[in-house]
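Asks: Mind having a look at this structure? Questions to follow.
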Amino acid sequence: MGKWFKSGSPWIWMTGGAVSISLIAVLGLLLLIAWRGLSYFWPADIYQWQLQDNQGKRSTLIGEIYDVEEVPTERLISAGHKFTQDPGEFVTRYLVKTGNREFVGLDFRWILATDILERSTPVDVAMLERAKNGNFYGYPVAVIEKGQRLPLEDVKGELEQHIARAVALSDEAVSLQKKDIGAINYKLEKLRLKERRFELDGELTAERKQQLATQANALHQAYLVLEKQLFALRDEAGRDAVVVRDMRGEEVTLPLDSVLDVTYVNDLGLLGKIGHWFVGLGRFVSDDPREANTEGGVFPAIFGTVFMVLLMAVIVTPFGVIAAIYLHEYAQKGAITKMIRIAVINLAGVPSIVYGVFGLGFFVYMLGGSLDQLFYPEALPSPTFGSPGVIWSALTLAILTLPVVIVSTEEGLSRIPSAVRQGSLALGATKAETLWRIVIPMASPAIMTGLILAVARAAGEVAPLMLVGVVKLAPTLPIDMNFPFVHLERKFMHLGFHIYDVGFQSPNVEAARPLVYATSFLLVSVIVALNLTAISVRNHLREKFRSLEH
């Protein structure tokens, strides 16, 4: 036994076991997040309950089972609930998502198993997904077209056709408002700023003023035409309605311009549910958020996260590589160089919120405010670059991740044999040519390793972004079709902040819980995708320059 311990085998097994346990824990956590998040898009059965409370009052409830738990009977009795007969030591209770927000106080309610007289899953009950006020559960009985009620035999087919028509018109109206009308508003604002700039410079002549007024009038006329088209599309989208009999037994009229989809969940087979799951997942990835971010999709957050991380990578890589080359190749070993290295190492341990405060004070207020005074005085007092934006977020995270890139690049440079440098110099190359053509290509795998670590950290940071650019809901993306097409001064949405906002700032906690898991899994997937891309590039570079190491 003593020889076995001295051989070091126990420590090898202990290390391997610790790594295995850590790997299992990480995979288990990812699987839990994936299960809790992705199961949200699976169409759950819709139940209809006949209930009777302890006072003998009967009611009907329609909804989805959201959670089930066993509650001690004594706890319910102490809360004031009375039972007509002994229910036993524990009572099962169900958390039901009822929807129908206009007529029910809450989207969710608890019901006890002892209050249930009957439970069924009728095939003709439908779930109507709406753009606002959440889902609506009930029995579609008729369609109202042009103000006329049509008691249709095939309600399902006719309703789906009318909803598809209304959704197409609504999408066309939204596209018209965001693209064409938005472009005109953008041009009008540019004309206003241009006139203000001429006025500040003392160059606003009567001729220029007339030219600007002519251009603005032409844009106003185009705006009126598009506005008329927009109102016509909205009127057409709201032309029809659906009549639904809800859980109270009353008929409710829902305008179809607010209905996004109808699903007869209980009538779906396995293949139908799988298709519905993929459709729901696709909408989550591609749609904009709704209802205070508790419904809809997260596309602006995905776009903002990826765009900010890529912009950060473009900024941090050259600065980190240049700093590492200077410290390793040019700087003489001494007290100053040693202090610089210590400072770089210490920067890696600074809390991220401190970087956020620095970015807000230096980048936003000082640098951004100076840019506004120099280049955008016509827009003042409204700031252009003097307010949080995606460029300042990228710069802040670039400083935050700079030590990682510097240390990793230095490690790569130190592994290159000095004989390679000496051979290049002996053949007549200058030191700059040696660095550019020999040293940096051979160190590129290490540079990519530093970039991978930087991307992994930057993509998950939230605290500094809350100060320098991220918002709950961004009206426009940093990239659009308006010149100059890339707007680095705009605020943006971020998956990490979206998780915080939905999980801790949402007015509807139960509805937000699965979205937190789904968004968390999506954030991990985005980070993994970015890292895998960088790793593939690194491996390609490593194989390409492997022969130079021998």
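Letters A, B, ... go to the chains of the structure tokens in the order shown; residues in each chain start at 1; ligands are counted from 1 in the same order.
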Write out as a compact mmCIF listing (two decimals) with N, CA and C atoms, in the first residue's frame which residues come within 10 Å of Tyr94 (chain A) when counting only C-alpha atoms, dropping same-chain ones fewer than 4 positions away.

Replies:
# COMPACT_ATOMS: atom_id res chain seq x y z
N GLU A 64 -54.05 24.57 -18.48
CA GLU A 64 -52.97 23.61 -18.55
C GLU A 64 -52.42 23.36 -17.14
N ILE A 65 -52.05 22.13 -16.88
CA ILE A 65 -51.39 21.82 -15.60
C ILE A 65 -49.95 22.29 -15.68
N TYR A 66 -49.60 23.20 -14.79
CA TYR A 66 -48.28 23.80 -14.81
C TYR A 66 -47.36 23.17 -13.78
N ASP A 67 -47.92 22.74 -12.64
CA ASP A 67 -47.10 22.13 -11.59
C ASP A 67 -48.03 21.31 -10.69
N VAL A 68 -47.44 20.30 -10.06
CA VAL A 68 -48.18 19.44 -9.14
C VAL A 68 -47.34 19.28 -7.87
N GLU A 69 -47.99 19.34 -6.72
CA GLU A 69 -47.27 19.16 -5.46
C GLU A 69 -48.19 18.56 -4.41
N GLU A 70 -47.57 17.92 -3.44
CA GLU A 70 -48.29 17.35 -2.30
C GLU A 70 -48.18 18.31 -1.13
N PHE A 108 -52.54 32.15 -13.30
CA PHE A 108 -52.33 30.87 -12.64
C PHE A 108 -53.18 30.81 -11.37
N ARG A 109 -53.65 29.61 -11.06
CA ARG A 109 -54.39 29.41 -9.81
C ARG A 109 -54.19 27.97 -9.35
N TRP A 110 -54.25 27.80 -8.04
CA TRP A 110 -54.11 26.46 -7.44
C TRP A 110 -55.49 25.85 -7.23
N ILE A 111 -55.60 24.56 -7.55
CA ILE A 111 -56.83 23.82 -7.24
C ILE A 111 -56.45 22.54 -6.50
N LEU A 112 -57.28 22.15 -5.56
CA LEU A 112 -57.04 20.95 -4.76
C LEU A 112 -57.72 19.75 -5.41
N ALA A 113 -57.09 18.61 -5.27
CA ALA A 113 -57.67 17.39 -5.82
C ALA A 113 -59.00 17.05 -5.17

Asks: Would you mind listing what lies within 8 Å of Gly304 (chain A) as a list in words, with only C-alpha atoms counted and same-chain residues fewer than 4 positions away left out?

Replies: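 The residues that qualify are Pro300, Met308, Leu477, Pro478, Phe492, Met493 and His494 of chain A.
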
Asks: Which residues of region 352-459 of chain A come within 9 Å of region 528-537 of chain A, and what is each one's closest atom pair and distance in Å (one decimal), counting only C-alpha atoms, sorted by chain and residue number, as JSON lines?

Replies:
{"residue": "A:Pro445", "atom": "CA", "partner": "A:Val537", "partner_atom": "CA", "distance": 8.3}
{"residue": "A:Met448", "atom": "CA", "partner": "A:Ala534", "partner_atom": "CA", "distance": 6.6}
{"residue": "A:Thr449", "atom": "CA", "partner": "A:Ile535", "partner_atom": "CA", "distance": 7.6}
{"residue": "A:Leu451", "atom": "CA", "partner": "A:Ala534", "partner_atom": "CA", "distance": 7.7}
{"residue": "A:Ile452", "atom": "CA", "partner": "A:Asn531", "partner_atom": "CA", "distance": 5.7}
{"residue": "A:Leu453", "atom": "CA", "partner": "A:Asn531", "partner_atom": "CA", "distance": 8.3}
{"residue": "A:Val455", "atom": "CA", "partner": "A:Asn531", "partner_atom": "CA", "distance": 7.3}
{"residue": "A:Ala456", "atom": "CA", "partner": "A:Asn531", "partner_atom": "CA", "distance": 7.0}

Asks: Residues as selected, N, CA, C and O atoms, written as a compact mmCIF listing (two decimals), in the first residue's frame, can you do that?

Replies:
# COMPACT_ATOMS: atom_id res chain seq x y z
N PRO A 445 -2.27 30.15 -32.63
CA PRO A 445 -3.14 29.29 -31.81
C PRO A 445 -3.29 29.80 -30.38
O PRO A 445 -4.38 29.74 -29.81
N MET A 448 -5.65 32.72 -30.42
CA MET A 448 -7.03 32.25 -30.50
C MET A 448 -7.51 31.68 -29.17
O MET A 448 -8.68 31.83 -28.81
N THR A 449 -6.61 31.05 -28.42
CA THR A 449 -6.99 30.56 -27.09
C THR A 449 -7.38 31.72 -26.18
O THR A 449 -8.38 31.65 -25.46
N LEU A 451 -8.49 34.58 -27.17
CA LEU A 451 -9.74 35.13 -27.68
C LEU A 451 -10.93 34.27 -27.25
O LEU A 451 -12.00 34.79 -26.93
N ILE A 452 -10.73 32.95 -27.24
CA ILE A 452 -11.81 32.06 -26.80
C ILE A 452 -12.17 32.35 -25.34
O ILE A 452 -13.35 32.45 -24.99
N LEU A 453 -11.16 32.48 -24.49
CA LEU A 453 -11.41 32.78 -23.08
C LEU A 453 -12.07 34.15 -22.93
O LEU A 453 -12.97 34.33 -22.09
N VAL A 455 -14.01 35.71 -25.17
CA VAL A 455 -15.40 35.62 -25.64
C VAL A 455 -16.27 34.93 -24.61
O VAL A 455 -17.41 35.36 -24.34
N ALA A 456 -15.76 33.86 -24.01
CA ALA A 456 -16.54 33.12 -23.02
C ALA A 456 -16.90 33.98 -21.83
O ALA A 456 -18.01 33.90 -21.29

Asks: Hey, what's within 12 Å of Gly269 (chain A) if we count only C-alpha atoms and toss same-chain stuff fewer than 6 positions away? As an MDAnalysis selection string, please?

Replies: chainID A and resid 43:45 123 275:276

Asks: Would you mind exporting all heavy atoms of the selected residues as a CSV table (one decimal), in the first residue's frame?

Replies:
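Result went into part-v5.csv, see below:
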chain,number,residue,atom,x,y,z
A,43,PRO,N,-46.4,21.3,-26.5
A,43,PRO,CA,-47.8,21.7,-26.3
A,43,PRO,C,-48.4,20.8,-25.2
A,43,PRO,O,-48.5,19.5,-25.3
A,43,PRO,CB,-48.5,21.4,-27.6
A,43,PRO,CG,-47.6,20.5,-28.3
A,43,PRO,CD,-46.2,20.8,-27.8
A,44,ALA,N,-48.8,21.4,-24.0
A,44,ALA,CA,-49.3,20.6,-22.9
A,44,ALA,C,-50.8,20.4,-23.2
A,44,ALA,O,-51.5,21.2,-23.8
A,44,ALA,CB,-49.1,21.3,-21.6
A,45,ASP,N,-51.4,19.3,-22.7
A,45,ASP,CA,-52.8,19.0,-22.8
A,45,ASP,C,-53.6,20.1,-22.1
A,45,ASP,O,-53.2,20.6,-21.0
A,45,ASP,CB,-53.1,17.6,-22.2
A,45,ASP,CG,-52.5,16.5,-23.0
A,45,ASP,OD1,-52.3,16.7,-24.2
A,45,ASP,OD2,-52.3,15.4,-22.5
A,123,VAL,N,-61.5,17.5,-27.2
A,123,VAL,CA,-60.7,17.7,-28.4
A,123,VAL,C,-61.0,19.0,-29.1
A,123,VAL,O,-60.2,19.4,-29.9
A,123,VAL,CB,-60.9,16.5,-29.4
A,123,VAL,CG1,-60.3,15.2,-28.8
A,123,VAL,CG2,-62.3,16.3,-29.8
A,275,GLY,N,-44.1,18.8,-34.4
A,275,GLY,CA,-44.1,20.0,-35.3
A,275,GLY,C,-44.4,21.3,-34.6
A,275,GLY,O,-43.7,22.3,-34.8
A,276,HIS,N,-45.3,21.3,-33.6
A,276,HIS,CA,-45.7,22.5,-32.9
A,276,HIS,C,-44.5,22.9,-32.0
A,276,HIS,O,-44.2,24.1,-31.8
A,276,HIS,CB,-46.9,22.2,-32.0
A,276,HIS,CG,-47.5,23.4,-31.3
A,276,HIS,ND1,-46.9,23.8,-30.1
A,276,HIS,CD2,-48.5,24.2,-31.6
A,276,HIS,CE1,-47.6,24.9,-29.7
A,276,HIS,NE2,-48.6,25.1,-30.6

Asks: Quick one: residues within 9 Å of region 459-471 of chain A, only C-alpha atoms counted, chain neighbours fewer than 5 positions away excluded, as a VMD selection string?

Replies: chain A and resid 304 to 306 308 to 309 352 to 357 359 to 360 363 to 364 387 to 393 396 to 397 454 489 to 498 500 523 to 524 526 to 527

Asks: Counting only C-alpha atoms, which of A:Leu473, A:Leu374, A:Ala292, A:Ile447 gets nearest to Gln505 (chain A)?

Replies: A:Ala292

Asks: When you count only C-alpha atoms, which of these residues is closest to Ala323 (chain A): A:Asp257, A:Glu145, A:Glu410, A:Glu250?

Replies: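 Closest candidate: A:Glu410.
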
Asks: Show which residues sit within 12 Å of Lys209 (chain A), as a ChimeraX atom specification. Count only C-alpha atoms, and ignore same-chain residues fewer than 3 positions away.

Replies: /A:191-192,194-199,203-206,212-216
